[in-house]
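So this block is input_0.cif, mmCIF, C-alpha atoms:
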```
data_protein
loop_
_atom_site.group_PDB
_atom_site.id
_atom_site.type_symbol
_atom_site.label_atom_id
_atom_site.label_comp_id
_atom_site.auth_asym_id
_atom_site.auth_seq_id
_atom_site.Cartn_x
_atom_site.Cartn_y
_atom_site.Cartn_z
ATOM 1 C CA MET A 748 0.000 0.000 0.000
ATOM 2 C CA GLU A 749 1.252 3.471 -0.868
ATOM 3 C CA LYS A 750 -0.221 6.890 -0.213
ATOM 4 C CA VAL A 751 -0.949 8.855 -3.413
ATOM 5 C CA GLN A 752 -2.837 11.862 -4.683
ATOM 6 C CA TYR A 753 -5.708 11.037 -7.017
ATOM 7 C CA ALA A 754 -8.491 13.013 -8.731
ATOM 8 C CA GLY A 755 -7.971 16.025 -6.493
ATOM 9 C CA TRP A 756 -7.925 14.090 -3.203
ATOM 10 C CA PRO A 757 -4.512 14.375 -1.499
ATOM 11 C CA ASN A 758 -4.961 11.348 0.766
ATOM 12 C CA CYS A 759 -5.596 8.263 -1.347
ATOM 13 C CA TYR A 760 -4.142 4.784 -1.040
ATOM 14 C CA ARG A 761 -3.017 2.554 -3.882
ATOM 15 C CA LEU A 762 -2.849 -1.235 -3.771
ATOM 16 C CA ALA A 763 -1.211 -3.033 -6.675
ATOM 17 C CA ASN A 764 0.373 -6.283 -7.752
ATOM 18 C CA ARG A 765 2.057 -7.030 -11.076
ATOM 19 C CA ASP A 766 -1.261 -6.928 -12.999
ATOM 20 C CA ILE A 767 -3.911 -4.787 -11.352
ATOM 21 C CA GLU A 768 -4.343 -1.793 -9.090
ATOM 22 C CA LEU A 769 -7.036 -0.173 -7.023
ATOM 23 C CA ILE A 770 -7.181 3.197 -5.323
ATOM 24 C CA VAL A 771 -9.104 3.997 -2.151
ATOM 25 C CA THR A 772 -10.079 7.560 -1.249
ATOM 26 C CA GLY A 773 -8.952 8.577 2.234
ATOM 27 C CA ASP A 774 -10.619 11.995 2.314
ATOM 28 C CA VAL A 775 -14.142 10.602 1.718
ATOM 29 C CA GLY A 776 -15.669 7.181 1.707
ATOM 30 C CA PRO A 777 -15.385 4.304 2.081
ATOM 31 C CA ARG A 778 -14.843 4.315 -1.691
ATOM 32 C CA ILE A 779 -12.719 2.346 -4.124
ATOM 33 C CA ILE A 780 -12.446 5.018 -6.809
ATOM 34 C CA ARG A 781 -10.231 3.133 -9.281
ATOM 35 C CA PHE A 782 -9.947 -0.529 -10.282
ATOM 36 C CA GLY A 783 -8.327 -1.937 -13.395
ATOM 37 C CA PHE A 784 -5.239 -3.294 -15.063
ATOM 38 C CA ILE A 785 -2.109 -1.220 -14.429
ATOM 39 C CA GLY A 786 -1.675 1.443 -17.090
ATOM 40 C CA GLN A 787 -5.127 0.858 -18.557
ATOM 41 C CA GLU A 788 -8.522 2.487 -18.164
ATOM 42 C CA ASN A 789 -10.491 2.618 -14.943
ATOM 43 C CA LEU A 790 -13.425 0.209 -14.979
ATOM 44 C CA LEU A 791 -15.149 2.389 -12.399
ATOM 45 C CA LYS A 792 -16.942 5.647 -13.159
ATOM 46 C CA GLU A 793 -15.427 8.911 -11.890
ATOM 47 C CA TYR A 794 -17.575 12.040 -11.640
ATOM 48 C CA ALA A 795 -15.405 15.023 -12.535
ATOM 49 C CA GLN A 796 -17.798 17.485 -10.895
ATOM 50 C CA PHE A 797 -17.264 15.826 -7.511
ATOM 51 C CA ALA A 798 -13.565 14.977 -7.799
ATOM 52 C CA GLY A 799 -11.564 16.280 -4.844
ATOM 53 C CA LYS A 800 -14.599 17.536 -2.938
ATOM 54 C CA THR A 801 -14.988 16.882 0.767
ATOM 55 C CA GLY A 802 -17.287 17.930 3.606
ATOM 56 C CA GLY A 803 -20.841 19.170 3.540
ATOM 57 C CA ASN A 804 -24.178 17.507 4.268
ATOM 58 C CA GLU A 805 -25.218 16.573 0.724
ATOM 59 C CA TRP A 806 -24.752 13.039 -0.555
ATOM 60 C CA ARG A 807 -22.442 12.942 -3.598
ATOM 61 C CA ILE A 808 -22.184 9.963 -5.902
ATOM 62 C CA TYR A 809 -18.404 10.435 -6.481
ATOM 63 C CA GLY A 810 -18.327 7.161 -8.453
ATOM 64 C CA GLY A 811 -16.274 4.047 -7.824
ATOM 65 C CA HIS A 812 -17.361 1.223 -5.538
ATOM 66 C CA ARG A 813 -19.326 2.007 -2.377
ATOM 67 C CA LEU A 814 -21.128 0.306 0.510
ATOM 68 C CA TRP A 815 -24.774 0.951 1.384
ATOM 69 C CA HIS A 816 -27.429 -0.709 3.519
ATOM 70 C CA ALA A 817 -30.677 -1.835 1.894
ATOM 71 C CA PRO A 818 -33.580 -1.456 1.395
ATOM 72 C CA GLU A 819 -33.181 1.919 -0.314
ATOM 73 C CA GLU A 820 -34.921 4.774 1.420
ATOM 74 C CA ARG A 821 -34.388 8.503 1.746
ATOM 75 C CA PRO A 822 -32.811 9.919 3.804
ATOM 76 C CA ARG A 823 -31.404 6.777 5.505
ATOM 77 C CA THR A 824 -29.641 5.204 2.539
ATOM 78 C CA TYR A 825 -28.198 8.514 1.342
ATOM 79 C CA ALA A 826 -26.196 9.344 4.459
ATOM 80 C CA PRO A 827 -23.246 11.446 3.192
ATOM 81 C CA ASP A 828 -19.794 9.866 3.070
ATOM 82 C CA ASN A 829 -17.934 13.172 2.785
ATOM 83 C CA SER A 830 -15.609 12.804 5.791
ATOM 84 C CA PRO A 831 -12.106 11.307 6.112
ATOM 85 C CA ILE A 832 -11.897 7.596 6.764
ATOM 86 C CA GLN A 833 -9.508 5.499 8.850
ATOM 87 C CA ILE A 834 -7.070 3.205 7.029
ATOM 88 C CA GLU A 835 -5.564 0.182 8.802
ATOM 89 C CA ASP A 836 -2.770 -1.758 7.102
ATOM 90 C CA HIS A 837 -2.988 -5.333 8.382
ATOM 91 C CA THR A 838 -0.615 -8.127 7.461
ATOM 92 C CA SER A 839 -2.716 -9.590 4.655
ATOM 93 C CA PHE A 840 -5.408 -6.968 4.028
ATOM 94 C CA VAL A 841 -6.294 -3.295 4.324
ATOM 95 C CA ARG A 842 -9.258 -2.208 6.433
ATOM 96 C CA ILE A 843 -11.181 0.976 5.632
ATOM 97 C CA ILE A 844 -13.359 2.344 8.445
ATOM 98 C CA GLN A 845 -15.955 5.087 8.075
ATOM 99 C CA PRO A 846 -17.009 7.252 11.010
ATOM 100 C CA VAL A 847 -20.381 6.206 12.391
ATOM 101 C CA GLU A 848 -23.206 7.662 10.317
ATOM 102 C CA THR A 849 -24.792 10.214 12.635
ATOM 103 C CA SER A 850 -28.195 9.870 10.975
ATOM 104 C CA THR A 851 -28.368 6.048 11.153
ATOM 105 C CA GLY A 852 -25.967 4.838 13.835
ATOM 106 C CA ILE A 853 -24.455 2.416 11.313
ATOM 107 C CA GLN A 854 -20.704 2.168 10.747
ATOM 108 C CA LYS A 855 -19.315 0.894 7.419
ATOM 109 C CA GLU A 856 -16.068 -1.002 6.859
ATOM 110 C CA LEU A 857 -14.313 -2.562 3.882
ATOM 111 C CA ASP A 858 -11.589 -5.200 4.136
ATOM 112 C CA ILE A 859 -9.583 -5.366 0.891
ATOM 113 C CA THR A 860 -7.311 -8.336 0.187
ATOM 114 C CA LEU A 861 -5.240 -8.143 -2.986
ATOM 115 C CA SER A 862 -3.850 -11.352 -4.449
ATOM 116 C CA PRO A 863 -0.031 -11.156 -4.606
ATOM 117 C CA ASP A 864 0.205 -12.646 -8.105
ATOM 118 C CA GLN A 865 -3.273 -12.857 -9.680
ATOM 119 C CA PRO A 866 -5.755 -10.246 -11.026
ATOM 120 C CA HIS A 867 -8.036 -10.933 -8.063
ATOM 121 C CA VAL A 868 -9.290 -8.813 -5.162
ATOM 122 C CA GLN A 869 -11.442 -9.884 -2.227
ATOM 123 C CA VAL A 870 -13.662 -7.132 -0.805
ATOM 124 C CA THR A 871 -15.457 -7.844 2.468
ATOM 125 C CA HIS A 872 -18.244 -5.372 3.271
ATOM 126 C CA ARG A 873 -19.170 -4.941 6.933
ATOM 127 C CA LEU A 874 -21.942 -3.031 8.714
ATOM 128 C CA ARG A 875 -21.846 -2.424 12.475
ATOM 129 C CA ASN A 876 -24.869 -1.302 14.487
ATOM 130 C CA THR A 877 -23.846 1.254 17.146
ATOM 131 C CA ASN A 878 -27.434 2.024 18.158
ATOM 132 C CA LEU A 879 -29.115 0.842 21.355
ATOM 133 C CA TRP A 880 -31.782 -0.904 19.270
ATOM 134 C CA SER A 881 -31.833 -3.460 16.476
ATOM 135 C CA VAL A 882 -31.934 -2.373 12.831
ATOM 136 C CA ASN A 883 -33.382 -4.375 9.932
ATOM 137 C CA LEU A 884 -31.043 -4.074 6.937
ATOM 138 C CA ALA A 885 -28.969 -5.850 4.303
ATOM 139 C CA VAL A 886 -25.411 -5.249 3.125
ATOM 140 C CA TRP A 887 -25.461 -3.675 -0.329
ATOM 141 C CA ALA A 888 -22.298 -3.544 -2.474
ATOM 142 C CA LEU A 889 -22.468 -1.202 -5.490
ATOM 143 C CA SER A 890 -19.868 -0.797 -8.238
ATOM 144 C CA VAL A 891 -20.523 2.273 -10.389
ATOM 145 C CA THR A 892 -18.910 1.315 -13.683
ATOM 146 C CA ALA A 893 -17.561 3.503 -16.459
ATOM 147 C CA PRO A 894 -19.734 4.308 -19.512
ATOM 148 C CA GLY A 895 -20.091 1.909 -22.411
ATOM 149 C CA GLY A 896 -20.064 -1.454 -20.647
ATOM 150 C CA LYS A 897 -22.513 -4.337 -20.367
ATOM 151 C CA ILE A 898 -23.554 -6.475 -17.409
ATOM 152 C CA ILE A 899 -24.287 -10.202 -17.712
ATOM 153 C CA ILE A 900 -26.595 -11.761 -15.089
ATOM 154 C CA PRO A 901 -27.138 -15.543 -15.092
ATOM 155 C CA LEU A 902 -30.658 -16.810 -14.526
ATOM 156 C CA PRO A 903 -31.243 -19.847 -12.279
ATOM 157 C CA PRO A 904 -30.827 -23.142 -14.155
ATOM 158 C CA SER A 905 -33.599 -23.984 -16.588
ATOM 159 C CA GLY A 906 -35.617 -27.212 -16.669
ATOM 160 C CA SER A 907 -38.623 -28.943 -18.134
ATOM 161 C CA HIS A 908 -42.288 -28.239 -17.453
ATOM 162 C CA ALA A 909 -42.826 -31.784 -16.221
ATOM 163 C CA ASP A 910 -40.105 -31.505 -13.596
ATOM 164 C CA ASN A 911 -40.767 -27.905 -12.498
ATOM 165 C CA LEU A 912 -44.396 -27.235 -11.622
ATOM 166 C CA LEU A 913 -43.470 -24.416 -9.242
ATOM 167 C CA PRO A 914 -41.620 -21.209 -10.252
ATOM 168 C CA THR A 915 -37.838 -21.118 -9.937
ATOM 169 C CA ARG A 916 -37.048 -17.662 -11.390
ATOM 170 C CA HIS A 917 -38.245 -14.150 -10.682
ATOM 171 C CA LEU A 918 -37.575 -10.566 -11.726
ATOM 172 C CA THR A 919 -37.996 -7.472 -9.579
ATOM 173 C CA LEU A 920 -39.094 -4.481 -11.644
ATOM 174 C CA TRP A 921 -39.135 -0.832 -10.593
ATOM 175 C CA ALA A 922 -41.783 1.693 -11.630
ATOM 176 C CA TYR A 923 -39.425 3.082 -14.281
ATOM 177 C CA THR A 924 -38.265 -0.306 -15.638
ATOM 178 C CA ASP A 925 -39.118 -0.600 -19.337
ATOM 179 C CA MET A 926 -38.627 -4.146 -20.589
ATOM 180 C CA ALA A 927 -38.924 -2.885 -24.180
ATOM 181 C CA ASP A 928 -35.890 -0.619 -23.789
ATOM 182 C CA PRO A 929 -33.312 -1.649 -26.430
ATOM 183 C CA ARG A 930 -30.504 -1.696 -23.865
ATOM 184 C CA TRP A 931 -31.913 -4.931 -22.417
ATOM 185 C CA THR A 932 -31.159 -8.384 -23.804
ATOM 186 C CA TRP A 933 -33.567 -10.994 -22.419
ATOM 187 C CA GLY A 934 -31.985 -14.366 -23.174
ATOM 188 C CA SER A 935 -33.030 -17.873 -22.227
ATOM 189 C CA GLU A 936 -30.260 -18.214 -19.633
ATOM 190 C CA TYR A 937 -28.866 -14.686 -19.203
ATOM 191 C CA ILE A 938 -30.048 -11.112 -18.777
ATOM 192 C CA MET A 939 -27.840 -8.376 -20.181
ATOM 193 C CA LEU A 940 -28.034 -4.603 -19.868
ATOM 194 C CA ARG A 941 -25.737 -2.254 -21.747
ATOM 195 C CA HIS A 942 -24.922 1.337 -20.984
ATOM 196 C CA ASP A 943 -25.787 3.958 -23.605
ATOM 197 C CA SER A 944 -24.679 7.582 -23.093
ATOM 198 C CA ASN A 945 -27.320 8.710 -25.591
ATOM 199 C CA ASN A 946 -30.231 7.236 -23.644
ATOM 200 C CA PRO A 947 -31.248 9.392 -20.664
ATOM 201 C CA HIS A 948 -33.880 7.040 -19.214
ATOM 202 C CA SER A 949 -33.047 5.091 -16.069
ATOM 203 C CA GLN A 950 -33.455 1.316 -15.976
ATOM 204 C CA LYS A 951 -33.226 -1.163 -13.119
ATOM 205 C CA VAL A 952 -33.926 -4.832 -12.434
ATOM 206 C CA GLY A 953 -33.276 -7.231 -9.575
ATOM 207 C CA THR A 954 -33.225 -11.013 -9.361
ATOM 208 C CA TYR A 955 -31.942 -13.950 -7.330
ATOM 209 C CA VAL A 956 -28.774 -15.590 -8.668
ATOM 210 C CA PRO A 957 -28.025 -18.853 -6.826
ATOM 211 C CA GLN A 958 -24.861 -19.371 -8.902
ATOM 212 C CA GLY A 959 -23.177 -16.527 -6.978
ATOM 213 C CA TRP A 960 -21.589 -14.699 -9.910
ATOM 214 C CA LEU A 961 -22.200 -11.943 -12.425
ATOM 215 C CA ALA A 962 -20.007 -10.296 -15.062
ATOM 216 C CA TYR A 963 -19.316 -6.941 -16.669
ATOM 217 C CA VAL A 964 -17.506 -6.276 -19.958
ATOM 218 C CA ARG A 965 -16.119 -2.983 -21.233
ATOM 219 C CA ASN A 966 -13.688 -2.532 -24.119
ATOM 220 C CA ASN A 967 -12.647 -6.208 -24.042
ATOM 221 C CA THR A 968 -11.930 -6.178 -20.303
ATOM 222 C CA LEU A 969 -14.014 -8.610 -18.277
ATOM 223 C CA LEU A 970 -14.839 -8.269 -14.595
ATOM 224 C CA VAL A 971 -16.258 -11.388 -12.940
ATOM 225 C CA LYS A 972 -17.762 -10.866 -9.493
ATOM 226 C CA ARG A 973 -18.287 -13.829 -7.216
ATOM 227 C CA PHE A 974 -20.267 -13.187 -4.057
ATOM 228 C CA ASP A 975 -21.736 -14.818 -0.966
ATOM 229 C CA VAL A 976 -25.141 -16.509 -1.368
ATOM 230 C CA VAL A 977 -27.131 -17.756 1.631
ATOM 231 C CA ALA A 978 -29.624 -20.368 0.432
ATOM 232 C CA GLY A 979 -33.097 -19.955 1.907
ATOM 233 C CA ALA A 980 -32.397 -16.485 3.311
ATOM 234 C CA GLU A 981 -34.724 -13.522 2.877
ATOM 235 C CA TYR A 982 -33.241 -10.944 0.516
ATOM 236 C CA PRO A 983 -34.401 -7.330 0.043
ATOM 237 C CA ASP A 984 -36.319 -5.939 -2.922
ATOM 238 C CA LEU A 985 -38.624 -8.952 -3.326
ATOM 239 C CA GLY A 986 -35.832 -11.475 -2.981
ATOM 240 C CA SER A 987 -32.981 -9.887 -4.979
ATOM 241 C CA ASN A 988 -29.335 -10.684 -4.310
ATOM 242 C CA VAL A 989 -28.263 -9.059 -7.603
ATOM 243 C CA GLU A 990 -29.389 -5.738 -9.056
ATOM 244 C CA THR A 991 -28.312 -3.529 -11.927
ATOM 245 C CA TYR A 992 -29.111 0.101 -12.647
ATOM 246 C CA THR A 993 -28.179 2.391 -15.505
ATOM 247 C CA ASP A 994 -28.673 6.028 -16.424
ATOM 248 C CA VAL A 995 -27.062 8.393 -18.899
ATOM 249 C CA ASP A 996 -23.765 8.446 -16.967
ATOM 250 C CA MET A 997 -23.031 4.897 -15.835
ATOM 251 C CA LEU A 998 -24.109 1.332 -15.108
ATOM 252 C CA GLU A 999 -24.115 -0.222 -11.647
ATOM 253 C CA VAL A 1000 -23.083 -3.800 -10.831
ATOM 254 C CA GLU A 1001 -24.707 -4.563 -7.474
ATOM 255 C CA THR A 1002 -24.852 -7.530 -5.080
ATOM 256 C CA LEU A 1003 -26.733 -7.771 -1.787
ATOM 257 C CA GLY A 1004 -26.609 -9.829 1.374
ATOM 258 C CA PRO A 1005 -29.648 -11.227 3.210
ATOM 259 C CA LEU A 1006 -31.916 -9.091 5.341
ATOM 260 C CA VAL A 1007 -30.944 -9.336 9.013
ATOM 261 C CA ASN A 1008 -32.223 -7.836 12.245
ATOM 262 C CA LEU A 1009 -28.865 -6.443 13.346
ATOM 263 C CA ALA A 1010 -28.630 -6.285 17.129
ATOM 264 C CA PRO A 1011 -26.828 -3.487 18.987
ATOM 265 C CA ALA A 1012 -23.012 -3.825 18.719
ATOM 266 C CA ALA A 1013 -23.411 -6.649 16.169
ATOM 267 C CA THR A 1014 -21.913 -6.764 12.678
ATOM 268 C CA VAL A 1015 -22.913 -8.370 9.388
ATOM 269 C CA GLU A 1016 -20.638 -9.096 6.397
ATOM 270 C CA HIS A 1017 -20.962 -9.689 2.667
ATOM 271 C CA THR A 1018 -17.951 -10.678 0.534
ATOM 272 C CA GLU A 1019 -17.262 -10.179 -3.160
ATOM 273 C CA HIS A 1020 -14.350 -11.555 -5.207
ATOM 274 C CA TRP A 1021 -13.326 -9.464 -8.223
ATOM 275 C CA HIS A 1022 -11.482 -11.156 -11.092
ATOM 276 C CA LEU A 1023 -10.189 -9.316 -14.195
ATOM 277 C CA PHE A 1024 -9.495 -10.752 -17.658
ATOM 278 C CA HIS A 1025 -8.014 -9.349 -20.873
ATOM 279 C CA ASP A 1026 -9.277 -9.741 -24.449
ATOM 280 C CA VAL A 1027 -12.882 -10.810 -23.851
ATOM 281 C CA PRO A 1028 -15.426 -9.669 -26.475
ATOM 282 C CA THR A 1029 -18.741 -8.135 -25.459
ATOM 283 C CA PRO A 1030 -21.459 -10.799 -25.742
ATOM 284 C CA MET A 1031 -24.583 -10.141 -27.806
ATOM 285 C CA ASN A 1032 -26.574 -13.259 -26.896
ATOM 286 C CA ASP A 1033 -26.569 -16.421 -24.796
ATOM 287 C CA ALA A 1034 -24.285 -18.241 -27.224
ATOM 288 C CA ASP A 1035 -21.654 -15.515 -26.863
ATOM 289 C CA VAL A 1036 -21.844 -15.752 -23.074
ATOM 290 C CA ILE A 1037 -21.358 -19.504 -23.220
ATOM 291 C CA ALA A 1038 -18.426 -19.162 -25.637
ATOM 292 C CA HIS A 1039 -16.553 -16.215 -24.122
ATOM 293 C CA ILE A 1040 -17.745 -15.519 -20.556
ATOM 294 C CA LEU A 1041 -18.363 -18.906 -18.975
ATOM 295 C CA PRO A 1042 -14.807 -20.197 -19.542
ATOM 296 C CA LYS A 1043 -13.495 -17.217 -17.592
ATOM 297 C CA VAL A 1044 -16.105 -17.672 -14.866
ATOM 298 C CA ASP A 1045 -14.996 -21.289 -14.505
ATOM 299 C CA GLN A 1046 -11.433 -20.084 -13.876
ATOM 300 C CA THR A 1047 -12.612 -18.160 -10.782
ATOM 301 C CA LYS A 1048 -13.967 -21.200 -8.933
#
```
Can the structure from this file be put into structure tokens for me?
Amino acid sequence: MEKVQYAGWPNCYRLANRDIELIVTGDVGPRIIRFGFIGQENLLKEYAQFAGKTGGNEWRIYGGHRLWHAPEERPRTYAPDNSPIQIEDHTSFVRIIQPVETSTGIQKELDITLSPDQPHVQVTHRLRNTNLWSVNLAVWALSVTAPGGKIIIPLPPSGSHADNLLPTRHLTLWAYTDMADPRWTWGSEYIMLRHDSNNPHSQKVGTYVPQGWLAYVRNNTLLVKRFDVVAGAEYPDLGSNVETYTDVDMLEVETLGPLVNLAPAATVEHTEHWHLFHDVPTPMNDADVIAHILPKVDQTK
């Protein structure tokens, strides 16, 4: 870990191995503001209008990867993260600690473990309840990705009518979700959503992915996210452990933990594993996913 200046923030921290790097903001957060191959583009969105800003009571999107608690509700979810964070350099990981949110009594932490020789990062998301009462919530990990990419979400395994009389798949739709929007690709086994800077309309969908992975491709760089799945648990947003959202600026790659009634002084965690790959074409249909994405996913097991 080395201290660096980045995007107008003087106190940032860079983690790198021979292949990949990530940068954490120390002046606001917790945020991972950059993630990608060394010397190549940032897979995460950066908002120039908020770069280097600190302080104040308004919530700013900043970009990058952030930690929230679900379900989404104003003002609770949008507690500002505009203050300096604490960085702890442990032997095998770096811990990022946010001051307790004054409006919620929840404290956020990220543990980041960088592989010494592989393009792989483990990010453990932790929420701590400092209130004197229990709080019902779920850990919500959101990666705000750079423009022009596409997310790939696997549906639960398919089967025959004779063997599956009860439903095994569901979609959660928001009031502004338009299933006819051309940015969606509704395949037999995969859902895909692409970002389009010329389309100003927001889109969002949620679902349950028992396979515990999703993928994102931009300019031939593939990000595979593996994440914790708790079978039989209650998930927020009508049972969603994966969500994606897009607007004119970006596309979000989101995973969620189960809903829990978090007792005073208790913590809850949700872990993601990020894997990067070179030279992977953007899929257009299920066959492309099977040919180009699944072999890479198999390498992350």
Give me, as a VMD selection string, all polymer residues having an atom no more than 7 Å from region 987-996 of chain A, counting only C-alpha atoms and skipping those fewer than 3 positions away in the same chain.
chain A and resid 894 942 to 956 982 to 984 999 to 1004
Quick one: write out the picked residues with C-alpha atoms as a tab-separated table (two decimals), in the coordinates of the input?
```
chain	number	residue	atom	x	y	z
A	894	PRO	CA	-19.73	4.31	-19.51
A	942	HIS	CA	-24.92	1.34	-20.98
A	943	ASP	CA	-25.79	3.96	-23.60
A	944	SER	CA	-24.68	7.58	-23.09
A	945	ASN	CA	-27.32	8.71	-25.59
A	946	ASN	CA	-30.23	7.24	-23.64
A	947	PRO	CA	-31.25	9.39	-20.66
A	948	HIS	CA	-33.88	7.04	-19.21
A	949	SER	CA	-33.05	5.09	-16.07
A	950	GLN	CA	-33.46	1.32	-15.98
A	951	LYS	CA	-33.23	-1.16	-13.12
A	952	VAL	CA	-33.93	-4.83	-12.43
A	953	GLY	CA	-33.28	-7.23	-9.57
A	954	THR	CA	-33.22	-11.01	-9.36
A	955	TYR	CA	-31.94	-13.95	-7.33
A	956	VAL	CA	-28.77	-15.59	-8.67
A	982	TYR	CA	-33.24	-10.94	0.52
A	983	PRO	CA	-34.40	-7.33	0.04
A	984	ASP	CA	-36.32	-5.94	-2.92
A	999	GLU	CA	-24.12	-0.22	-11.65
A	1000	VAL	CA	-23.08	-3.80	-10.83
A	1001	GLU	CA	-24.71	-4.56	-7.47
A	1002	THR	CA	-24.85	-7.53	-5.08
A	1003	LEU	CA	-26.73	-7.77	-1.79
A	1004	GLY	CA	-26.61	-9.83	1.37
```
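On the file presented, the PyMOL selection byres ((chain A and resi 808) around 8) picks out A:Tyr794, A:Phe797, A:Trp806, A:Arg807, A:Tyr809, A:Gly810.
Against this structure, the PyMOL selection byres ((chain A and resi 888) around 9) ends up with His812, Arg813, Leu814, Trp815, His816, His872, Val886, Trp887, Leu889, Ser890, Val1000, Glu1001, Thr1002, Leu1003, Gly1004, His1017, Thr1018 and Glu1019 of chain A.
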C-alpha atoms of the current selection, written as a PDB file, in the frame of the given file:
```pdb
ATOM      1  CA  HIS A 812     -17.361   1.223  -5.538  1.00  0.00           C
ATOM      2  CA  ARG A 813     -19.326   2.007  -2.377  1.00  0.00           C
ATOM      3  CA  LEU A 814     -21.128   0.306   0.510  1.00  0.00           C
ATOM      4  CA  TRP A 815     -24.774   0.951   1.384  1.00  0.00           C
ATOM      5  CA  HIS A 816     -27.429  -0.709   3.519  1.00  0.00           C
ATOM      6  CA  HIS A 872     -18.244  -5.372   3.271  1.00  0.00           C
ATOM      7  CA  VAL A 886     -25.411  -5.249   3.125  1.00  0.00           C
ATOM      8  CA  TRP A 887     -25.461  -3.675  -0.329  1.00  0.00           C
ATOM      9  CA  LEU A 889     -22.468  -1.202  -5.490  1.00  0.00           C
ATOM     10  CA  SER A 890     -19.868  -0.797  -8.238  1.00  0.00           C
ATOM     11  CA  VAL A1000     -23.083  -3.800 -10.831  1.00  0.00           C
ATOM     12  CA  GLU A1001     -24.707  -4.563  -7.474  1.00  0.00           C
ATOM     13  CA  THR A1002     -24.852  -7.530  -5.080  1.00  0.00           C
ATOM     14  CA  LEU A1003     -26.733  -7.771  -1.787  1.00  0.00           C
ATOM     15  CA  GLY A1004     -26.609  -9.829   1.374  1.00  0.00           C
ATOM     16  CA  HIS A1017     -20.962  -9.689   2.667  1.00  0.00           C
ATOM     17  CA  THR A1018     -17.951 -10.678   0.534  1.00  0.00           C
ATOM     18  CA  GLU A1019     -17.262 -10.179  -3.160  1.00  0.00           C
TER      19      GLU A1019
END
```
Quick one: apply the PyMOL selection byres ((chain A and resi 835) around 12) to the file and drop the selected residues here as number ranges by chain.
A: 748, 760, 773, 832-834, 836-845, 856-859
Using Å and a single decimal, report how far CA of His1020 (chain A) sits from CA of Asn876 (chain A).
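So the two atoms, CA of Asn876 (chain A) and CA of His1020 (chain A), lie 24.6 Å apart.
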One number please: CA of Ala754 (chain A) to CA of Lys792 (chain A), in Å, one decimal.
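Computing it gives 12.1 Å between the two atoms.
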Atomic distance CA of Asp928 (chain A) - CA of Thr824 (chain A), expressed in Å with one decimal
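These atoms are spaced 27.7 Å apart.
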With a distance cut-off of 7 Å and only C-alpha atoms, select the neighbouring residues of Thr772 (chain A), excluding the residue or stretch itself and same-chain residues fewer than 6 positions from it, and output the selection as a PDB file with C-alpha atoms, in the frame of the given file.
```
ATOM      1  CA  ASN A 758      -4.961  11.348   0.766  1.00  0.00           C
ATOM      2  CA  CYS A 759      -5.596   8.263  -1.347  1.00  0.00           C
ATOM      3  CA  TYR A 760      -4.142   4.784  -1.040  1.00  0.00           C
ATOM      4  CA  ARG A 778     -14.843   4.315  -1.691  1.00  0.00           C
ATOM      5  CA  ILE A 779     -12.719   2.346  -4.124  1.00  0.00           C
ATOM      6  CA  ILE A 780     -12.446   5.018  -6.809  1.00  0.00           C
TER       7      ILE A 780
END
```
